[in-house]
file upload32.txt (compact mmCIF, C-alpha atoms)
# COMPACT_ATOMS: atom_id res chain seq x y z
CA MET A 1437 127.07 124.33 93.16
CA THR A 1438 130.25 124.45 91.07
CA PRO A 1439 132.02 121.29 89.86
CA SER A 1440 134.90 122.02 92.24
CA SER A 1441 132.62 122.14 95.31
CA SER A 1442 130.91 118.95 94.11
CA ARG A 1443 134.35 117.31 93.96
CA THR A 1444 135.03 118.29 97.56
CA TRP A 1445 131.66 116.85 98.63
CA THR A 1446 132.26 113.47 97.00
CA ARG A 1447 135.88 113.01 98.00
CA SER A 1448 135.09 113.63 101.65
CA LEU A 1449 133.29 110.28 101.70
CA ALA A 1450 134.97 106.99 102.52
CA ARG A 1451 135.71 105.04 99.34
CA ARG A 1452 133.09 102.35 98.79
CA ARG A 1453 131.35 100.96 95.74
CA ARG A 1454 129.43 103.88 94.30
CA ALA A 1455 126.73 104.31 91.70
CA LEU A 1456 125.06 107.33 90.14
CA TYR A 1457 121.39 106.62 89.44
CA ILE A 1458 119.46 108.78 86.96
CA SER A 1459 115.67 108.46 87.20
CA SER A 1460 113.52 109.82 84.38
CA PRO A 1461 111.85 113.09 85.40
CA ILE A 1462 108.81 112.71 83.12
CA GLY A 1463 106.16 112.08 85.77
CA LEU A 1464 106.72 110.22 89.02
CA GLY A 1465 106.34 106.66 87.82
CA HIS A 1466 110.01 105.82 87.40
CA ALA A 1467 110.96 106.81 90.94
CA LEU A 1468 109.08 103.97 92.64
CA ARG A 1469 110.54 101.26 90.41
CA ASP A 1470 114.03 102.76 90.57
CA VAL A 1471 114.03 102.79 94.37
CA ALA A 1472 112.87 99.16 94.35
CA ILE A 1473 115.76 98.22 92.05
CA ALA A 1474 118.19 100.23 94.17
CA ASP A 1475 117.03 98.40 97.31
CA GLU A 1476 117.62 95.04 95.61
CA LEU A 1477 121.08 96.17 94.51
CA ARG A 1478 121.90 97.02 98.13
CA VAL A 1479 120.94 93.47 99.12
CA LEU A 1480 123.41 92.11 96.57
CA HIS A 1481 126.07 94.74 97.40
CA PRO A 1482 125.61 95.87 101.03
CA ASP A 1483 128.49 98.34 100.72
CA LEU A 1484 126.95 100.12 97.71
CA GLU A 1485 126.39 103.86 97.96
CA ILE A 1486 123.92 105.43 95.52
CA ASP A 1487 123.69 109.09 94.58
CA TRP A 1488 120.67 110.23 92.58
CA LEU A 1489 120.84 112.76 89.77
CA ALA A 1490 117.19 113.77 89.74
CA GLN A 1491 115.00 116.82 89.34
CA HIS A 1492 111.71 118.00 90.78
CA PRO A 1493 109.27 116.38 91.39
CA VAL A 1494 111.18 113.05 91.32
CA SER A 1495 113.83 114.39 93.71
CA ASP A 1496 111.12 115.14 96.32
CA VAL A 1497 109.87 111.55 96.19
CA LEU A 1498 113.40 110.17 96.51
CA GLU A 1499 114.29 112.44 99.42
CA ALA A 1500 111.10 111.42 101.23
CA ARG A 1501 112.29 107.81 100.99
CA GLY A 1502 115.67 108.67 102.50
CA GLU A 1503 117.69 108.65 99.28
CA ARG A 1504 120.64 110.98 98.73
CA ILE A 1505 120.31 113.56 95.95
CA HIS A 1506 123.48 114.68 94.23
CA PRO A 1507 124.01 118.44 94.73
CA LEU A 1508 124.37 119.00 90.99
CA SER A 1509 120.73 117.95 90.60
CA ALA A 1510 119.86 121.57 91.35
CA ASP A 1511 121.50 122.55 88.04
CA LEU A 1512 119.32 120.29 85.87
CA ALA A 1513 116.95 121.96 83.42
CA SER A 1514 113.33 120.86 83.89
CA GLU A 1515 112.19 118.27 81.37
CA SER A 1516 108.78 117.94 83.04
CA ALA A 1517 108.12 121.68 82.65
CA HIS A 1518 109.04 121.41 78.97
CA PHE A 1519 106.52 118.64 78.37
CA THR A 1520 103.84 120.60 80.21
CA ALA A 1521 104.55 123.62 78.00
CA GLU A 1522 104.29 121.43 74.90
CA SER A 1523 100.83 120.16 75.87
CA SER A 1524 97.45 121.66 75.05
CA ASP A 1525 94.05 120.51 76.28
CA HIS A 1526 94.41 116.67 76.28
CA ASP A 1527 97.09 116.65 73.57
CA LEU A 1528 100.81 115.99 73.77
CA ASN A 1529 102.88 114.92 70.80
CA ALA A 1530 105.62 113.28 72.86
CA PHE A 1531 107.92 112.61 69.91
CA GLN A 1532 107.83 116.21 68.69
CA ALA A 1533 108.32 117.43 72.27
CA ILE A 1534 111.48 115.32 72.50
CA ARG A 1535 112.70 116.81 69.20
CA ARG A 1536 112.26 120.32 70.59
CA MET A 1537 114.21 119.83 73.80
CA ASP A 1538 117.76 119.62 72.44
CA GLU A 1539 118.99 122.53 74.57
CA ILE A 1540 117.64 120.89 77.73
CA LEU A 1541 119.18 117.53 76.87
CA VAL A 1542 122.59 119.06 76.10
CA ALA A 1543 122.57 121.12 79.30
CA ASN A 1544 121.58 118.13 81.43
CA PHE A 1545 124.20 115.90 79.85
CA MET A 1546 126.83 118.45 80.81
CA VAL A 1547 125.57 118.36 84.42
CA PHE A 1548 125.81 114.57 84.29
CA HIS A 1549 129.33 114.81 82.88
CA ASP A 1550 130.41 117.10 85.73
CA ALA A 1551 128.93 114.71 88.28
CA VAL A 1552 130.75 111.71 86.85
CA GLU A 1553 134.04 113.55 86.40
CA SER A 1554 134.08 114.52 90.07
CA GLY A 1555 132.38 111.53 91.65
CA GLU A 1556 134.63 108.45 91.26
CA TYR A 1557 131.65 106.25 90.41
CA ASP A 1558 131.85 102.58 89.53
CA LEU A 1559 128.51 102.52 87.73
CA VAL A 1560 125.92 104.77 86.13
CA ILE A 1561 122.32 103.53 85.92
CA GLY A 1562 120.11 105.44 83.51
CA ASP A 1563 116.37 104.81 83.59
CA GLU A 1564 115.35 106.38 80.28
CA ALA A 1565 118.16 108.93 80.63
CA TRP A 1566 117.91 109.76 76.94
CA ASP A 1567 120.48 112.55 77.10
CA VAL A 1568 123.15 110.37 78.71
CA ASP A 1569 122.62 107.45 76.35
CA HIS A 1570 122.57 109.59 73.21
CA PHE A 1571 125.58 111.78 73.97
CA LEU A 1572 127.73 108.92 75.25
CA HIS A 1573 127.17 107.20 71.92
CA GLU A 1574 127.99 110.46 70.14
CA ASN A 1575 131.09 110.95 72.30
CA PRO A 1576 132.25 107.48 73.37
CA GLU A 1577 135.54 108.85 74.70
CA LEU A 1578 133.55 110.48 77.55
CA LYS A 1579 132.49 107.16 79.05
CA ARG A 1580 134.10 106.82 82.48
CA THR A 1581 132.15 104.04 84.20
CA ALA A 1582 130.07 100.97 83.55
CA PHE A 1583 126.67 102.00 82.18
CA ALA A 1584 123.37 100.18 82.69
CA TRP A 1585 120.54 101.43 80.47
CA MET A 1586 116.86 100.75 81.19
CA THR A 1587 113.66 101.50 79.31
CA ASP A 1588 110.10 100.21 79.13
CA PHE A 1589 109.67 100.91 75.42
CA VAL A 1590 111.86 100.71 72.34
CA GLY A 1591 111.17 102.55 69.11
CA TRP A 1592 109.83 105.99 68.21
CA LEU A 1593 106.52 105.53 66.42
CA PRO A 1594 104.62 108.03 64.26
CA MET A 1595 101.08 109.12 65.00
CA PRO A 1596 98.62 109.42 62.07
CA SER A 1597 98.20 113.15 62.63
CA GLY A 1598 101.90 113.65 61.88
CA GLY A 1599 101.56 112.35 58.34
CA GLU A 1600 104.47 111.34 56.13
CA ARG A 1601 106.81 113.88 57.70
CA GLU A 1602 106.52 112.37 61.19
CA ALA A 1603 106.81 108.85 59.78
CA PHE A 1604 110.08 109.88 58.09
CA LEU A 1605 111.44 111.57 61.22
CA THR A 1606 110.67 108.70 63.60
CA ALA A 1607 112.31 106.24 61.22
CA ASP A 1608 115.34 108.54 61.00
CA TYR A 1609 115.61 108.74 64.80
CA ASN A 1610 115.31 104.97 65.04
CA ALA A 1611 117.97 104.44 62.39
CA GLU A 1612 120.35 106.72 64.29
CA MET A 1613 119.75 104.80 67.53
CA ILE A 1614 120.33 101.45 65.80
CA GLU A 1615 123.56 102.74 64.26
CA HIS A 1616 124.73 104.05 67.64
CA VAL A 1617 124.14 100.78 69.46
CA GLU A 1618 125.62 98.54 66.78
CA ARG A 1619 128.64 100.77 66.17
CA TYR A 1620 129.45 101.25 69.87
CA PRO A 1621 128.12 98.20 71.75
CA ARG A 1622 130.53 98.94 74.60
CA ILE A 1623 128.58 102.04 75.68
CA ARG A 1624 125.67 100.04 77.14
CA ASP A 1625 127.29 97.44 79.38
CA ARG A 1626 123.79 96.20 80.11
CA ALA A 1627 120.53 97.15 78.37
CA ILE A 1628 117.39 96.13 80.26
CA PHE A 1629 113.84 96.13 78.94
CA VAL A 1630 111.43 96.61 81.84
CA GLY A 1631 108.96 93.99 80.71
CA GLU A 1632 108.81 90.73 78.80
CA PRO A 1633 109.40 90.10 75.08
CA ASP A 1634 105.63 89.90 74.48
CA ASP A 1635 105.32 93.51 75.70
CA ILE A 1636 107.26 94.76 72.65
CA VAL A 1637 105.12 96.27 69.89
CA PRO A 1638 104.93 94.26 66.63
CA ASP A 1639 105.98 97.26 64.47
CA ASP A 1640 109.12 97.85 62.43
CA PHE A 1641 111.47 100.73 63.21
CA GLY A 1642 110.62 102.14 59.77
CA PRO A 1643 110.87 101.33 56.06
CA GLY A 1644 113.85 99.06 55.46
CA LEU A 1645 114.62 98.87 59.20
CA PRO A 1646 114.42 95.80 61.45
CA SER A 1647 111.47 94.54 63.43
CA ILE A 1648 111.38 96.27 66.83
CA HIS A 1649 110.60 92.97 68.55
CA ASP A 1650 113.43 90.99 66.94
CA TRP A 1651 116.04 93.75 67.36
CA THR A 1652 115.11 94.33 71.00
CA GLU A 1653 115.35 90.62 71.81
CA ARG A 1654 118.89 90.60 70.37
CA HIS A 1655 120.08 93.70 72.23
CA TYR A 1656 118.26 93.66 75.59
CA ALA A 1657 117.87 91.51 78.67
CA PHE A 1658 114.37 91.36 80.19
CA SER A 1659 113.55 92.04 83.83
CA GLY A 1660 109.78 91.69 83.69
CA TYR A 1661 107.71 94.62 84.87
CA VAL A 1662 108.80 96.46 88.04
CA THR A 1663 105.91 97.74 90.13
CA GLY A 1664 108.00 98.88 93.08
CA PHE A 1665 105.65 97.12 95.51
CA ASP A 1666 104.27 93.65 96.17
CA PRO A 1667 100.65 93.66 94.98
CA ALA A 1668 99.68 90.28 96.46
CA PRO A 1669 99.08 91.41 100.07
CA LEU A 1670 97.19 94.48 98.86
CA VAL A 1671 94.84 92.30 96.83
CA GLU A 1672 94.44 89.71 99.60
CA ARG A 1673 93.66 92.24 102.36
CA ARG A 1674 91.83 94.84 100.31
CA GLU A 1675 88.97 95.34 102.79
CA GLU A 1676 91.44 95.88 105.64
CA LEU A 1677 93.40 98.29 103.43
CA ARG A 1678 90.23 100.28 102.72
CA ARG A 1679 89.61 100.69 106.45
CA GLU A 1680 93.20 101.80 107.04
CA LEU A 1681 92.87 104.46 104.33
CA GLY A 1682 89.58 105.77 105.69
CA TYR A 1683 87.19 104.34 103.11
CA HIS A 1684 83.84 103.16 104.48
CA PRO A 1685 82.04 99.95 103.47
CA ASP A 1686 79.08 101.85 102.01
CA GLU A 1687 81.27 104.09 99.83
CA ARG A 1688 82.07 103.48 96.17
CA VAL A 1689 85.48 105.09 95.70
CA VAL A 1690 86.67 106.43 92.35
CA ILE A 1691 90.27 107.71 92.14
CA VAL A 1692 91.08 110.12 89.32
CA THR A 1693 94.79 110.67 88.76
CA VAL A 1694 96.88 112.09 85.93
CA GLY A 1695 100.45 111.54 87.11
CA GLY A 1696 103.18 113.93 88.15
CA SER A 1697 103.30 116.27 85.15
CA GLY A 1698 101.03 119.23 84.46
CA VAL A 1699 99.54 117.69 81.31
CA GLY A 1700 96.35 116.27 82.85
CA GLU A 1701 94.32 119.31 83.83
CA ALA A 1702 91.81 118.96 80.98
CA LEU A 1703 91.05 115.34 81.86
CA LEU A 1704 90.69 116.18 85.55
CA ARG A 1705 88.18 118.92 84.74
CA ARG A 1706 86.11 116.66 82.52
CA VAL A 1707 85.99 113.73 84.94
CA ILE A 1708 85.13 116.05 87.82
CA ALA A 1709 82.31 117.47 85.68
CA SER A 1710 80.95 113.92 85.29
CA TYR A 1711 80.51 113.48 89.04
CA PRO A 1712 76.91 114.76 89.49
CA ASP A 1713 75.63 112.43 86.75
CA ALA A 1714 77.72 109.51 88.02
CA ALA A 1715 76.53 110.10 91.60
CA ARG A 1716 72.92 109.80 90.47
CA ARG A 1717 73.75 106.40 88.97
CA ILE A 1718 75.91 105.05 91.85
CA ASN A 1719 74.85 105.11 95.50
CA GLY A 1720 77.53 106.32 97.90
CA LEU A 1721 79.89 107.54 95.18
CA ARG A 1722 83.05 109.20 96.50
CA MET A 1723 85.42 110.75 93.96
CA ILE A 1724 89.00 111.73 94.80
CA ALA A 1725 90.92 113.71 92.18
CA VAL A 1726 94.72 113.75 92.55
CA THR A 1727 96.30 116.67 90.71
CA GLY A 1728 99.98 115.94 91.30
CA PRO A 1729 102.62 118.59 92.07
CA ARG A 1730 102.17 120.74 88.94
CA ILE A 1731 98.42 121.41 88.92
CA ASP A 1732 96.87 123.77 91.47
CA PRO A 1733 93.85 122.04 93.07
CA ALA A 1734 92.15 125.43 93.52
CA VAL A 1735 91.73 125.97 89.77
CA LEU A 1736 89.52 122.90 89.26
CA ASP A 1737 86.29 124.24 90.87
CA ALA A 1738 85.27 120.82 92.11
CA PRO A 1739 81.61 120.37 93.16
CA VAL A 1740 80.53 119.11 96.56
CA GLY A 1741 81.27 115.40 96.72
CA VAL A 1742 84.62 115.59 94.93
CA GLU A 1743 87.80 115.77 97.00
CA VAL A 1744 90.82 117.31 95.29
CA ARG A 1745 94.26 116.48 96.63
CA ALA A 1746 97.58 117.77 95.35
CA TYR A 1747 99.61 114.79 96.46
CA VAL A 1748 98.76 111.41 97.98
CA PRO A 1749 101.65 109.47 99.53
CA GLU A 1750 101.77 105.84 98.43
CA LEU A 1751 99.05 106.42 95.88
CA TYR A 1752 99.37 102.81 94.72
CA LYS A 1753 97.69 101.72 97.97
CA HIS A 1754 94.69 103.93 97.25
CA LEU A 1755 94.52 102.53 93.72
CA ALA A 1756 94.54 99.01 95.15
CA ALA A 1757 91.71 99.93 97.54
CA CYS A 1758 89.47 101.87 95.14
CA ASP A 1759 86.44 100.54 93.31
CA LEU A 1760 87.46 102.18 90.02
CA ALA A 1761 90.18 104.48 88.73
CA VAL A 1762 90.12 107.01 85.88
CA VAL A 1763 93.59 107.72 84.52
CA GLN A 1764 95.65 108.86 81.56
CA GLY A 1765 97.49 106.30 79.47
CA GLY A 1766 100.81 106.30 81.32
CA LEU A 1767 102.43 102.93 81.91
CA THR A 1768 103.15 103.18 85.64
CA THR A 1769 99.66 103.99 86.89
CA THR A 1770 97.91 101.59 84.53
CA MET A 1771 100.26 98.75 85.46
CA GLU A 1772 99.81 99.49 89.18
CA LEU A 1773 96.07 99.05 88.61
CA ALA A 1774 96.63 95.89 86.60
CA ALA A 1775 98.87 94.46 89.34
CA SER A 1776 96.26 95.34 91.98
CA ARG A 1777 93.49 93.86 89.82
CA ARG A 1778 91.27 96.97 89.80
CA PRO A 1779 89.03 98.11 86.93
CA PHE A 1780 89.94 101.42 85.30
CA LEU A 1781 89.13 103.82 82.49
CA CYS A 1782 92.13 104.94 80.47
CA PHE A 1783 92.29 108.18 78.41
CA PRO A 1784 95.61 108.29 76.48
CA LEU A 1785 96.82 111.72 75.51
CA ARG A 1786 96.05 112.58 71.92
CA ASP A 1787 99.16 112.20 69.68
CA HIS A 1788 101.22 110.60 72.47
CA PHE A 1789 102.85 107.67 70.68
CA GLU A 1790 103.96 105.84 73.82
CA GLN A 1791 100.55 105.92 75.52
CA ASN A 1792 98.62 105.12 72.33
CA ARG A 1793 100.94 102.47 70.89
CA HIS A 1794 103.43 100.99 73.37
CA VAL A 1795 101.36 101.14 76.56
CA ARG A 1796 98.17 100.11 74.82
CA HIS A 1797 99.87 97.06 73.34
CA ARG A 1798 101.16 96.02 76.76
CA LEU A 1799 97.82 96.52 78.52
CA ALA A 1800 96.09 94.49 75.81
CA ARG A 1801 98.42 91.60 76.63
CA TYR A 1802 97.35 91.78 80.28
CA GLY A 1803 93.70 92.29 79.33
CA ALA A 1804 93.66 95.36 81.56
CA GLY A 1805 91.55 98.51 81.49
CA ARG A 1806 88.97 100.07 79.21
CA TYR A 1807 90.33 102.54 76.71
CA MET A 1808 88.32 105.74 76.15
CA ASP A 1809 88.58 108.41 73.46
CA TYR A 1810 88.80 111.81 75.16
CA ASP A 1811 87.32 113.65 72.18
CA ALA A 1812 84.29 111.33 72.13
CA SER A 1813 83.76 111.40 75.91
CA PRO A 1814 81.83 114.38 77.29
CA PRO A 1815 80.99 114.23 81.01
CA GLU A 1816 77.78 112.23 80.51
CA VAL A 1817 79.66 109.53 78.58
CA ILE A 1818 82.27 109.33 81.31
CA ALA A 1819 79.55 109.05 83.97
CA GLU A 1820 77.97 106.19 82.05
CA ALA A 1821 81.32 104.42 81.72
CA ILE A 1822 82.04 104.84 85.45
CA ALA A 1823 78.71 103.24 86.27
CA ALA A 1824 79.30 100.40 83.81
CA GLU A 1825 82.84 99.57 84.98
CA ILE A 1826 82.73 100.08 88.73
CA ASP A 1827 81.41 96.59 89.45
CA ARG A 1828 83.25 94.77 86.70
CA GLU A 1829 85.08 91.62 87.74
CA VAL A 1830 88.56 91.65 86.24
CA SER A 1831 90.54 88.71 84.89
CA TYR A 1832 93.90 90.30 84.13
CA LEU A 1833 97.06 88.37 83.40
CA PRO A 1834 99.11 88.41 86.63
CA VAL A 1835 101.82 91.08 86.72
CA GLU A 1836 105.34 89.92 87.53
CA ALA A 1837 106.28 90.36 91.20
CA ASP A 1838 110.05 89.83 90.92
CA GLY A 1839 110.98 92.50 88.39
CA ALA A 1840 113.10 94.62 90.72
CA ALA A 1841 115.14 91.61 91.86
CA ARG A 1842 115.63 90.46 88.28
CA ALA A 1843 116.75 93.92 87.18
CA ALA A 1844 119.17 94.19 90.10
CA ALA A 1845 120.62 90.74 89.31
CA LEU A 1846 121.34 91.93 85.77
CA ILE A 1847 123.01 95.13 86.96
CA ALA A 1848 124.94 93.83 89.98
CA PRO A 1849 127.83 92.19 88.05
CA LEU A 1850 128.76 95.62 86.63
CA ILE A 1851 129.66 97.01 90.05
call {"tool": "encode", "arguments": {"input": "upload32.txt", "output": "structure tokens"}}
result
Amino acid sequence: MTPSSSRTWTRSLARRRRALYISSPIGLGHALRDVAIADELRVLHPDLEIDWLAQHPVSDVLEARGERIHPLSADLASESAHFTAESSDHDLNAFQAIRRMDEILVANFMVFHDAVESGEYDLVIGDEAWDVDHFLHENPELKRTAFAWMTDFVGWLPMPSGGEREAFLTADYNAEMIEHVERYPRIRDRAIFVGEPDDIVPDDFGPGLPSIHDWTERHYAFSGYVTGFDPAPLVERREELRRELGYHPDERVVIVTVGGSGVGEALLRRVIASYPDAARRINGLRMIAVTGPRIDPAVLDAPVGVEVRAYVPELYKHLAACDLAVVQGGLTTTMELAASRRPFLCFPLRDHFEQNRHVRHRLARYGAGRYMDYDASPPEVIAEAIAAEIDREVSYLPVEADGAARAAALIAPLI
């Protein structure tokens, strides 16, 4: 769709308060929390209309929930496909992948710019919309609306495998971000950290740069974590939930899930390979492997006893009902498990700074999950860990239940 046809589409609508919401396309985790925040914003502003600038697979999730996708979303270049292409085995250097996606970020910012120019929006909400935040700071004259920025981590961090070169580059990226924010504070009308101050890593941005914790406290408001659902009733009526989902009392259910990108195939294969050994250790073991939209279930060659599903609606309910989960180190899935008070094994992607540093720090605060080293975990080790953890009683720190309402309360005055 051309910008002119997009202009016709938007101007045909009655003039109400309008927001453009950009949900991060890296996996599916952001969509659930963003919809929860959007719903709370509609409570505070009943006349608010929200258009979503989103790409597959996030756009599919949003459409299934009745949200309206902006037509220019079809012109966005795929960030998720880029990250999948950058991965190998169980390895993804997320920082280097970001560095190598400049063309995608520029192209997608231009799509955003066309949408805003033609849309008469009062507000833009960017949930880790790195392209929008960066290029608005680079070109402040292009800002047309109030801008609310959200993220669940602050600070690029080097991984040991990157050596001195990566340490230099992450510090340089951080220094540029700090300079942007402090030179043009008007770009972010509201910056929201999806979490609490204690969730911030204790590192510095780099040599001679500020503490990440102290700088973030000065420049962000805090919403608490946003799960996108209320975990309390799921925990309280877990046995009823299991019956509703088709799980039998004599079954021990293990959910294996790797998120919405195509990065998790290696982990899926290895956990599936652990099933025969784990089944000998655990009576009634039932394993369900969820591939997500970018991995073909047919390529996994699952043995009898392992169910492979491409997509499971409301997966968080299945995680709340399971006896154990085996996951990557992404924040959304691990925090859903923490909120639902279920034991889980966590295999962060090798060289992924966010999963290994930011997410791990946060989960340690909640006392949630057992971290596993993929390279040191052949199928027999995974089977042993499944058997050891499946009956473990958890004592996690409670996860905030009001994060979406708190985030919406911070954003609402901008409309």
call {"tool": "closest_atom_pairs", "arguments": {"input": "upload32.txt", "of": "region 1610-1640 of chain A", "to": "region 1782-1799 of chain A", "cutoff": "10 Å", "atoms": "only C-alpha atoms", "output": "Markdown table"}}
result
| residue | atom | partner | partner_atom | distance |
| --- | --- | --- | --- | --- |
| A:Gly1631 | CA | A:Arg1798 | CA | 9.0 |
| A:Glu1632 | CA | A:Arg1798 | CA | 9.5 |
| A:Asp1634 | CA | A:Arg1798 | CA | 7.9 |
| A:Asp1635 | CA | A:Arg1798 | CA | 5.0 |
| A:Ile1636 | CA | A:His1794 | CA | 7.3 |
| A:Val1637 | CA | A:His1794 | CA | 6.1 |
| A:Pro1638 | CA | A:His1797 | CA | 8.9 |
| A:Asp1639 | CA | A:Arg1793 | CA | 9.7 |
call {"tool": "residues_around", "arguments": {"input": "upload32.txt", "residues": "Leu1670 (chain A)", "least_positions_apart": "2", "cutoff": "8 Å", "atoms": "all atoms listed in the file", "output": "list in words"}}
result
Asp1666, Pro1667, Ala1668, Glu1672, Arg1673, Arg1674, Leu1677, Lys1753, Ala1756, Ala1757 and Ser1776 of chain A
call {"tool": "atom_distance", "arguments": {"input": "upload32.txt", "atom1": "CA of Asp1550 (chain A)", "atom2": "CA of Asp1483 (chain A)"}}
result
24.1 Å
call {"tool": "closest_residue", "arguments": {"input": "upload32.txt", "among": "A:Ala1611, A:Val1694, A:Ile1724, A:Ile1628", "to": "Arg1745 (chain A)", "atoms": "all atoms listed in the file"}}
result
A:Ile1724
call {"tool": "atom_distance", "arguments": {"input": "upload32.txt", "atom1": "CA of Phe1583 (chain A)", "atom2": "CA of Asp1558 (chain A)"}}
result
9.0 Å
call {"tool": "closest_residue", "arguments": {"input": "upload32.txt", "among": "A:Ile1462, A:Val1547, A:Leu1767, A:Ala1840", "to": "Ile1534 (chain A)", "atoms": "all atoms listed in the file"}}
result
A:Ile1462
call {"tool": "atom_distance", "arguments": {"input": "upload32.txt", "atom1": "CA of Val1692 (chain A)", "atom2": "CA of Ala1761 (chain A)"}}
result
5.7 Å
call {"tool": "residues_around", "arguments": {"input": "upload32.txt", "residues": "Asp1640 (chain A)", "least_positions_apart": "6", "cutoff": "9 Å", "atoms": "all atoms listed in the file", "output": "mmCIF file with C-alpha atoms, in the coordinates of the input"}}
result
data_model
loop_
_atom_site.group_PDB
_atom_site.id
_atom_site.type_symbol
_atom_site.label_atom_id
_atom_site.label_comp_id
_atom_site.auth_asym_id
_atom_site.auth_seq_id
_atom_site.Cartn_x
_atom_site.Cartn_y
_atom_site.Cartn_z
ATOM 1 C CA GLY A 1591 111.170 102.550 69.110
ATOM 2 C CA PRO A 1646 114.420 95.800 61.450
ATOM 3 C CA SER A 1647 111.470 94.540 63.430
ATOM 4 C CA ILE A 1648 111.380 96.270 66.830
ATOM 5 C CA HIS A 1649 110.600 92.970 68.550
#
call {"tool": "residues_around", "arguments": {"input": "upload32.txt", "residues": "region 1651-1662 of chain A", "least_positions_apart": "6", "cutoff": "9 Å", "atoms": "only C-alpha atoms", "output": "ChimeraX atom specification"}}
result
/A:1468-1470,1472-1473,1588,1590,1614,1617,1626-1633,1636,1771,1835-1844,1846
call {"tool": "closest_residue", "arguments": {"input": "upload32.txt", "among": "A:Pro1594, A:Pro1739, A:Pro1576, A:Gly1562", "to": "Ala1530 (chain A)", "atoms": "only C-alpha atoms"}}
result
A:Pro1594
call {"tool": "closest_residue", "arguments": {"input": "upload32.txt", "among": "A:Ala1734, A:Ile1561, A:Val1763, A:Ala1845", "to": "Thr1587 (chain A)", "atoms": "all atoms listed in the file"}}
result
A:Ile1561
call {"tool": "residues_around", "arguments": {"input": "upload32.txt", "residues": "Ser1831 (chain A)", "least_positions_apart": "3", "cutoff": "12 Å", "atoms": "all atoms listed in the file", "output": "ChimeraX atom specification"}}
result
/A:1774-1779,1801-1805,1828,1834-1835
call {"tool": "residues_around", "arguments": {"input": "upload32.txt", "residues": "region 1710-1722 of chain A", "least_positions_apart": "3", "cutoff": "8 Å", "atoms": "only C-alpha atoms", "output": "list in words"}}
result
Asp1686, Glu1687, Arg1688, Val1689, Val1690, Arg1706, Val1707, Gly1741, Val1742, Pro1815, Glu1816, Ile1818, Ala1819, Glu1820, Ile1822 and Ala1823 of chain A
